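What follows is the content of start_0.cif (mmCIF, C-alpha atoms).
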data_work
loop_
_atom_site.label_atom_id
_atom_site.label_comp_id
_atom_site.auth_asym_id
_atom_site.auth_seq_id
_atom_site.Cartn_x
_atom_site.Cartn_y
_atom_site.Cartn_z
CA MET E 5 0.00 0.00 0.00
CA ASN E 6 1.23 3.50 -0.88
CA PHE E 7 0.01 7.10 -0.97
CA SER E 8 -1.60 6.58 -4.36
CA HIS E 9 -3.66 3.70 -3.00
CA LEU E 10 -4.83 5.83 -0.07
CA THR E 11 -5.81 8.60 -2.47
CA TYR E 12 -7.74 6.16 -4.65
CA VAL E 13 -9.70 4.72 -1.73
CA VAL E 14 -10.50 8.17 -0.32
CA THR E 15 -11.67 9.32 -3.76
CA VAL E 16 -14.00 6.32 -4.06
CA ALA E 17 -15.41 7.01 -0.59
CA LYS E 18 -16.11 10.65 -1.44
CA ALA E 19 -17.60 9.80 -4.83
CA GLY E 20 -19.74 6.99 -3.42
CA SER E 21 -19.14 5.08 -6.63
CA ILE E 22 -16.20 3.27 -8.21
CA SER E 23 -17.23 4.29 -11.72
CA ARG E 24 -17.46 8.00 -10.80
CA ALA E 25 -14.09 7.81 -9.03
CA CYS E 26 -12.54 6.24 -12.16
CA LYS E 27 -13.53 9.28 -14.23
CA GLU E 28 -11.94 11.61 -11.71
CA LEU E 29 -8.77 9.55 -11.31
CA LEU E 30 -8.43 8.71 -15.03
CA VAL E 31 -8.00 4.99 -14.37
CA SER E 32 -9.98 1.94 -15.49
CA GLN E 33 -12.59 0.31 -13.27
CA PRO E 34 -10.84 -3.10 -13.13
CA TYR E 35 -7.60 -1.40 -12.04
CA LEU E 36 -9.31 0.65 -9.31
CA SER E 37 -11.28 -2.35 -8.05
CA GLY E 38 -8.03 -4.29 -7.88
CA VAL E 39 -6.37 -1.54 -5.81
CA ILE E 40 -9.26 -1.56 -3.33
CA LYS E 41 -9.14 -5.36 -3.01
CA ASN E 42 -5.37 -5.32 -2.44
CA VAL E 43 -5.70 -2.69 0.30
CA GLU E 44 -8.52 -4.65 1.97
CA ASP E 45 -6.52 -7.89 1.77
CA GLU E 46 -3.41 -6.21 3.17
CA LEU E 47 -5.28 -4.75 6.14
CA GLY E 48 -7.63 -7.69 6.64
CA ILE E 49 -10.74 -5.49 6.65
CA GLN E 50 -13.65 -4.70 4.37
CA ILE E 51 -13.64 -1.00 3.53
CA PHE E 52 -16.70 -0.79 1.28
CA GLN E 53 -20.02 -2.53 0.94
CA ARG E 54 -22.12 -2.48 -2.20
CA THR E 55 -25.32 -0.40 -2.30
CA SER E 56 -28.00 0.15 -4.91
CA THR E 57 -26.33 3.43 -5.93
CA GLY E 58 -22.67 2.50 -5.60
CA VAL E 59 -20.59 1.81 -2.50
CA ALA E 60 -20.67 2.89 1.16
CA LEU E 61 -18.07 2.74 3.92
CA THR E 62 -18.27 -0.04 6.50
CA GLU E 63 -17.55 0.73 10.15
CA ALA E 64 -13.95 -0.34 9.62
CA GLY E 65 -13.94 1.71 6.44
CA GLU E 66 -14.94 4.84 8.34
CA ALA E 67 -11.95 4.41 10.67
CA PHE E 68 -9.69 3.76 7.68
CA MET E 69 -11.03 6.89 5.98
CA GLN E 70 -10.26 9.11 8.99
CA SER E 71 -6.71 7.80 9.27
CA SER E 72 -6.13 8.04 5.53
CA GLU E 73 -7.28 11.66 5.34
CA ARG E 74 -4.92 12.61 8.18
CA ILE E 75 -2.01 10.85 6.48
CA LEU E 76 -2.76 12.42 3.10
CA SER E 77 -3.14 15.86 4.65
CA GLU E 78 0.33 15.62 6.15
CA TRP E 79 1.71 14.25 2.89
CA GLN E 80 0.27 17.18 0.94
CA ILE E 81 2.03 19.57 3.30
CA LEU E 82 5.32 17.79 2.63
CA GLN E 83 4.61 17.81 -1.11
CA SER E 84 4.03 21.56 -1.06
CA LEU E 85 7.60 22.02 0.18
CA ARG E 86 9.00 20.73 -3.07
CA GLU E 87 10.37 23.13 -5.63
CA SER E 88 7.94 24.09 -8.37
CA SER E 89 9.89 21.94 -10.82
CA GLY E 90 8.53 18.92 -8.99
CA ASP E 91 5.27 19.35 -10.88
CA ARG E 92 6.89 19.77 -14.27
CA LEU E 93 5.53 17.96 -17.30
CA LYS E 94 8.02 15.38 -18.58
CA ILE E 95 6.15 13.94 -21.54
CA VAL E 96 7.20 11.48 -24.19
CA SER E 97 4.90 10.92 -27.12
CA TYR E 98 4.56 8.82 -30.21
CA TYR E 99 4.62 11.00 -33.34
CA SER E 100 1.26 12.78 -33.13
CA TYR E 101 0.46 16.35 -34.09
CA PHE E 102 -2.65 16.17 -31.91
CA PHE E 103 -0.65 15.44 -28.73
CA LEU E 104 1.89 18.12 -29.62
CA ARG E 105 -0.89 20.63 -30.21
CA CYS E 106 -2.40 19.83 -26.79
CA PHE E 107 0.96 20.50 -25.15
CA LEU E 108 1.43 23.78 -27.01
CA ASN E 109 -2.11 24.89 -26.14
CA MET E 110 -1.41 24.32 -22.46
CA ARG E 111 1.70 26.48 -22.71
CA THR E 112 -0.20 29.21 -24.58
CA ALA E 113 -2.87 29.24 -21.88
CA GLY E 114 -0.19 29.98 -19.29
CA GLY E 115 -0.17 26.54 -17.76
CA SER E 116 3.50 25.82 -18.38
CA LEU E 117 6.78 25.83 -16.50
CA SER E 118 10.13 26.54 -18.11
CA GLN E 119 11.26 23.02 -17.18
CA ASP E 120 8.41 21.31 -19.07
CA SER E 121 9.49 18.94 -21.84
CA PHE E 122 7.80 17.14 -24.74
CA LYS E 123 9.75 14.63 -26.81
CA GLU E 124 8.55 12.49 -29.72
CA MET E 125 9.89 8.98 -30.30
CA PRO E 126 8.88 5.45 -31.35
CA LEU E 127 6.46 3.58 -29.08
CA VAL E 128 8.98 1.24 -27.52
CA ASP E 129 11.25 4.18 -26.70
CA CYS E 130 8.33 5.88 -24.92
CA PHE E 131 8.05 2.89 -22.57
CA ARG E 132 11.81 2.81 -22.05
CA ALA E 133 11.84 6.50 -21.13
CA LEU E 134 9.05 5.96 -18.59
CA SER E 135 10.69 2.89 -17.10
CA SER E 136 14.03 4.70 -16.66
CA GLU E 137 12.20 7.74 -15.17
CA LYS E 138 13.43 10.04 -17.95
CA ALA E 139 9.75 10.87 -18.42
CA ASN E 140 6.65 10.54 -16.25
CA LEU E 141 3.80 10.62 -18.77
CA GLY E 142 3.67 8.83 -22.11
CA LEU E 143 1.20 9.56 -24.91
CA VAL E 144 0.82 6.77 -27.43
CA CYS E 145 -1.34 5.71 -30.35
CA TYR E 146 -1.40 2.39 -32.16
CA ALA E 147 -3.64 0.23 -34.34
CA ASP E 148 -6.44 -1.17 -32.18
CA ILE E 149 -5.90 -4.66 -33.59
CA TYR E 150 -2.52 -4.64 -31.82
CA ALA E 151 -3.82 -3.30 -28.49
CA ASP E 152 -3.05 -6.49 -26.53
CA TYR E 153 0.48 -6.54 -27.93
CA TYR E 154 1.20 -2.98 -26.79
CA HIS E 155 -0.37 -3.49 -23.37
CA LYS E 156 1.97 -6.45 -22.89
CA MET E 157 4.88 -4.35 -24.12
CA ALA E 158 4.02 -1.65 -21.58
CA ALA E 159 3.80 -4.23 -18.80
CA SER E 160 7.25 -5.58 -19.72
CA TYR E 161 8.60 -2.11 -18.89
CA GLN E 162 6.59 -1.96 -15.62
CA CYS E 163 4.14 0.50 -17.16
CA ARG E 164 0.39 0.53 -17.63
CA MET E 165 -1.76 2.17 -20.28
CA GLU E 166 -5.22 3.72 -20.05
CA THR E 167 -7.31 4.43 -23.14
CA LEU E 168 -8.08 8.04 -24.00
CA PHE E 169 -9.96 7.50 -27.29
CA PRO E 170 -10.68 4.11 -28.88
CA SER E 171 -10.93 3.30 -32.60
CA VAL E 172 -10.18 6.61 -34.30
CA ALA E 173 -10.74 6.08 -38.03
CA PRO E 174 -7.56 6.25 -40.14
CA GLN E 175 -7.17 9.17 -42.55
CA VAL E 176 -5.04 9.61 -45.64
CA MET E 177 -2.92 12.74 -45.17
CA MET E 178 -1.63 14.87 -48.05
CA ARG E 179 -0.95 18.45 -49.12
CA PRO E 180 -3.91 20.63 -50.19
CA GLY E 181 -4.36 20.38 -53.95
CA HIS E 182 -3.18 16.76 -54.09
CA PRO E 183 -5.19 14.75 -56.67
CA LEU E 184 -6.73 12.65 -53.87
CA SER E 185 -7.67 15.65 -51.72
CA ILE E 186 -10.92 16.31 -53.62
CA GLN E 187 -12.25 12.79 -52.98
CA SER E 188 -14.67 11.90 -50.19
CA ARG E 189 -12.90 8.57 -49.59
CA VAL E 190 -9.61 6.93 -50.56
CA THR E 191 -9.48 3.19 -51.22
CA VAL E 192 -6.56 0.92 -50.40
CA PRO E 193 -5.68 0.27 -54.09
CA GLU E 194 -5.44 4.04 -54.64
CA LEU E 195 -2.67 4.20 -52.03
CA LEU E 196 -0.43 2.34 -54.47
CA GLN E 197 -0.77 5.05 -57.10
CA TYR E 198 1.17 7.72 -55.19
CA PRO E 199 4.46 7.81 -53.26
CA MET E 200 3.93 7.14 -49.55
CA VAL E 201 5.80 8.33 -46.46
CA CYS E 202 5.44 6.62 -43.07
CA TYR E 203 7.26 6.45 -39.78
CA LYS E 204 9.53 3.43 -39.70
CA ASP E 205 7.57 1.47 -37.09
CA ALA E 206 4.35 1.81 -39.12
CA ALA E 207 5.55 -0.69 -41.73
CA PRO E 208 3.53 -3.62 -40.20
CA LEU E 209 0.31 -1.66 -40.77
CA LEU E 210 1.05 -1.39 -44.48
CA LYS E 211 1.42 -5.17 -44.60
CA ARG E 212 -1.93 -5.53 -42.84
CA LEU E 213 -3.47 -3.34 -45.55
CA GLY E 214 -1.88 -5.52 -48.21
CA ILE E 215 0.49 -2.81 -49.46
CA GLY E 216 3.65 -3.87 -47.64
CA GLN E 217 5.46 -3.95 -51.00
CA HIS E 218 4.49 -0.39 -51.93
CA PRO E 219 6.55 0.56 -55.02
CA ASP E 220 7.48 4.02 -53.73
CA LEU E 221 7.71 3.94 -49.93
CA LEU E 222 9.74 6.35 -47.81
CA LEU E 223 10.28 5.28 -44.17
CA VAL E 224 11.37 8.09 -41.82
CA THR E 225 12.15 8.56 -38.13
CA ASP E 226 11.49 12.28 -37.63
CA ARG E 227 8.58 14.70 -38.00
CA GLY E 228 10.50 17.19 -40.17
CA THR E 229 11.20 14.74 -43.00
CA TYR E 230 7.70 13.27 -42.68
CA LEU E 231 5.97 16.63 -43.20
CA GLU E 232 8.48 17.91 -45.75
CA ALA E 233 7.79 14.94 -48.05
CA MET E 234 4.06 15.72 -48.14
CA GLU E 235 4.30 19.51 -48.29
CA ASN E 236 6.68 19.54 -51.24
CA GLY E 237 5.57 16.53 -53.26
CA ASP E 238 2.79 14.08 -53.99
CA TYR E 239 3.57 11.91 -50.98
CA ILE E 240 0.64 10.64 -48.93
CA SER E 241 0.51 8.99 -45.51
CA ILE E 242 -1.90 7.10 -43.26
CA ASN E 243 -2.48 9.02 -40.09
CA SER E 244 -4.27 8.61 -36.78
CA ILE E 245 -5.61 12.13 -36.77
CA ILE E 246 -7.77 14.05 -34.31
CA ILE E 247 -7.82 17.58 -35.60
CA ASP E 248 -10.28 20.28 -36.55
CA LYS E 249 -10.98 21.28 -40.15
CA ALA E 250 -9.46 24.73 -39.69
CA TYR E 251 -5.97 23.25 -39.45
CA SER E 252 -6.73 20.78 -42.23
CA ASN E 253 -7.58 23.58 -44.64
CA GLN E 254 -4.47 25.56 -43.71
CA ARG E 255 -1.71 23.03 -44.09
CA PHE E 256 -2.85 19.51 -44.96
CA SER E 257 -5.85 17.65 -46.28
CA PHE E 258 -7.25 14.53 -44.63
CA VAL E 259 -9.48 12.06 -46.44
CA PRO E 260 -10.99 8.95 -44.75
CA LEU E 261 -9.45 5.62 -45.73
CA GLU E 262 -12.10 3.23 -46.95
CA GLY E 263 -11.99 -0.46 -46.03
CA SER E 264 -9.33 -0.26 -43.31
CA PRO E 265 -9.24 -3.39 -41.09
CA PHE E 266 -8.17 -1.31 -38.09
CA GLY E 267 -8.68 1.97 -36.26
CA PHE E 268 -6.24 3.83 -34.03
CA GLU E 269 -6.38 3.84 -30.25
CA PHE E 270 -5.01 6.80 -28.28
CA SER E 271 -3.80 6.09 -24.72
CA TYR E 272 -1.61 7.50 -22.01
CA ALA E 273 1.01 5.47 -20.15
CA VAL E 274 2.67 5.79 -16.74
CA ARG E 275 4.85 3.61 -14.55
CA ASP E 276 2.90 1.03 -12.55
CA ARG E 277 3.14 2.78 -9.20
CA TYR E 278 3.51 6.34 -10.42
CA ARG E 279 1.11 8.91 -8.97
CA MET E 280 0.37 11.68 -11.45
CA ASN E 281 0.72 15.24 -10.21
CA GLY E 282 -1.96 17.88 -10.57
CA ARG E 283 -0.55 19.40 -13.75
CA GLU E 284 -0.38 16.01 -15.45
CA ARG E 285 -4.04 15.41 -14.62
CA LYS E 286 -4.88 18.90 -15.87
CA PHE E 287 -3.06 18.17 -19.11
CA LEU E 288 -4.99 14.93 -19.67
CA ARG E 289 -8.25 16.79 -19.07
CA LEU E 290 -7.15 19.26 -21.75
CA VAL E 291 -6.40 16.37 -24.13
CA ARG E 292 -9.92 14.98 -23.66
CA SER E 293 -11.42 18.44 -24.06
CA MET E 294 -9.57 19.13 -27.32
CA GLU E 295 -10.65 15.77 -28.74
CA LYS E 296 -14.28 16.57 -27.88
CA LYS E 297 -14.05 19.99 -29.53
CA ALA E 298 -12.47 18.49 -32.66
CA LEU E 299 -15.30 15.97 -32.98
CA GLU E 300 -17.92 18.70 -32.50
CA LYS E 301 -16.37 20.73 -35.33
CA GLU E 302 -16.55 17.69 -37.59
CA LYS E 303 -20.34 17.47 -37.16
#
Rewrite the structure of this file - the entire thing - as C-alpha cells.
Amino acid sequence: MNFSHLTYVVTVAKAGSISRACKELLVSQPYLSGVIKNVEDELGIQIFQRTSTGVALTEAGEAFMQSSERILSEWQILQSLRESSGDRLKIVSYYSYFFLRCFLNMRTAGGSLSQDSFKEMPLVDCFRALSSEKANLGLVCYADIYADYYHKMAASYQCRMETLFPSVAPQVMMRPGHPLSIQSRVTVPELLQYPMVCYKDAAPLLKRLGIGQHPDLLLVTDRGTYLEAMENGDYISINSIIIDKAYSNQRFSFVPLEGSPFGFEFSYAVRDRYRMNGRERKFLRLVRSMEKKALEKEK
C-alpha cells in the first residue's frame, strides 16, 4: 500500500461510486477495483459494501477513511515544500500532431513551467523512457488490432496504459491540392498510385493493408522529414488524426481511408506505481477536451 492507494480509496469514498471515481482519477474500473481489493486484503478489513447506488463505507472503512485523510493531509504539506519543478511535465509521445498541439495549447494558456518537456519517439522508446524515469507521462497511439500486444509491451517495462480515445478512423494525409484531396474517400488500391511516407515502425500496418510492398515507400524517423515529403511533393501517408478542419484547410488535407481493417487507439502510459501530479491530470483533461471539440467541429 502507498500514498496513491490511499488517495484512490478516499476518492471512491467521497464519490460513493467506483465508476465515478474512475472518471476523476483517469483509471480503469478493473484497475481501481483491484487496488481496493489489495488494500482490503493487506489490512484484513472490508472497507466498502455495495449499495443500490454505488458503494458505502463499513464501520472499519470509516476508521480507515479518517486515518487516511490525516495521512494524506500531512503528505500534501510535505509535497508543497517541493520546488515548483517537482510538478513539471516530462512527456514522451509517439509521433502525433494532436498530442503536440495539446501540449502547445497548455503552454499558450499559461499553464506551463520553463522546465516542461515534450519529446517524440517510437512507441517502444516511450516505454523505455518511462521505465528509466526520464519521463513521467507517455502519450501513445497504435492500431487497435494490436492493443493487446502494446499493453503487454508496456507491462514488460513496468508501465500501464489507459485508453483516452478508442478506434479513431484512419485518414489519408496529403498536401492541399493533391489529386486525392478532392475525394470523399480513398481506397486501399489508390494508395499504391502515389508515393507514400510513413514512420519506420508503421511498416507492419502497411502489410496488414496488403500494401507492404508499396513501389514508392519512404520510411522516416522524424517529423520534419515526414511533413516535408508531403508539403513539397505528392507523398501521402496514413495518419491517426484528431484535428479540426481549420488546421486541415491551412496546411494539410485529410481524407478517410475506406476499407481499413483497423482503427487507431489513443492512450496515455505511466509507470505502474507512479502517482500523477496535478498538472499532469490537468493536461490529460485538456487532451480529452480538445478531442471533444475536434469531434464537435466535424459534425
Met234 of chain E environment, 8 Å, only C-alpha atoms, sequence neighbours closer than 5 positions dropped, as a short mmCIF file (atom, residue, chain, number, x, y, z; two decimals) with C-alpha atoms, in the coordinates of the input:
data_model
loop_
_atom_site.label_atom_id
_atom_site.label_comp_id
_atom_site.auth_asym_id
_atom_site.auth_seq_id
_atom_site.Cartn_x
_atom_site.Cartn_y
_atom_site.Cartn_z
CA MET E 178 -1.63 14.87 -48.05
CA ARG E 179 -0.95 18.45 -49.12
CA VAL E 201 5.80 8.33 -46.46
CA TYR E 239 3.57 11.91 -50.98
CA ILE E 240 0.64 10.64 -48.93
#
>> Need the shell around Glu262 of chain E: protein/DNA/RNA residues with any atom at most 8 Å away, counting all atoms listed in the file. Skip same-chain ones fewer than 3 positions apart. Format as a list in words?
In response: Arg189, Val190, Thr191 and Val192 of chain E
>> Show me, as a PyMOL selection string, the residues that have an atom within 12 Å of segment 224-230 of chain E when counting all atoms listed in the file, minus same-chain residues fewer than 6 positions from it.
In response: chain E and resi 98-101+104+123-127+177-179+200-207+236-237+239-243
> Around (-4.9, 4.8, -22.1) in the file's own coordinates, what residues are found within 8 Å if you use only C-alpha atoms, given back as a ChimeraX atom specification?
Replying inline: /E:165-169,270-273
>> One number please: atom CA of Tyr154 of chain E to atom CA of Phe131 of chain E, in Å, one decimal.
In response: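 Going from atom CA of Tyr154 of chain E over to atom CA of Phe131 of chain E, I get 10.0 Å.
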Under the PyMOL selection byres ((chain E and resi 277-289) around 8), which residues of this model are included? Write them out as a short mmCIF file (atom, residue, chain, number, x, y, z; two decimals) with C-alpha atoms, in the frame of the given file.
data_model
loop_
_atom_site.label_atom_id
_atom_site.label_comp_id
_atom_site.auth_asym_id
_atom_site.auth_seq_id
_atom_site.Cartn_x
_atom_site.Cartn_y
_atom_site.Cartn_z
CA SER E 8 -1.60 6.58 -4.36
CA ASP E 91 5.27 19.35 -10.88
CA ARG E 92 6.89 19.77 -14.27
CA LEU E 93 5.53 17.96 -17.30
CA CYS E 106 -2.40 19.83 -26.79
CA PHE E 107 0.96 20.50 -25.15
CA MET E 110 -1.41 24.32 -22.46
CA ASN E 140 6.65 10.54 -16.25
CA LEU E 141 3.80 10.62 -18.77
CA VAL E 274 2.67 5.79 -16.74
CA ARG E 275 4.85 3.61 -14.55
CA ASP E 276 2.90 1.03 -12.55
CA LEU E 290 -7.15 19.26 -21.75
CA VAL E 291 -6.40 16.37 -24.13
CA ARG E 292 -9.92 14.98 -23.66
CA SER E 293 -11.42 18.44 -24.06
#
>> Starting from the PyMOL selection byres ((chain E and resi 157) around 12), expand the selection into actual residues of this file and give them as a PyMOL selection string.
In response: chain E and resi 127-132+135+150-156+158-165+273
> Taking (-18.3, 5.9, -4.3) in the file's coordinates, which residues come within 10 Å, counting all atoms listed in the file, written as a list in words?
Replying inline: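 Checked against the point, the hits come out as Val13, Val14, Thr15, Val16, Ala17, Lys18, Ala19, Gly20, Ser21, Ile22, Ser23, Arg24, Ala25, Cys26, Phe52, Arg54, Thr55, Thr57, Gly58, Val59, Ala60 and Leu61 of chain E.
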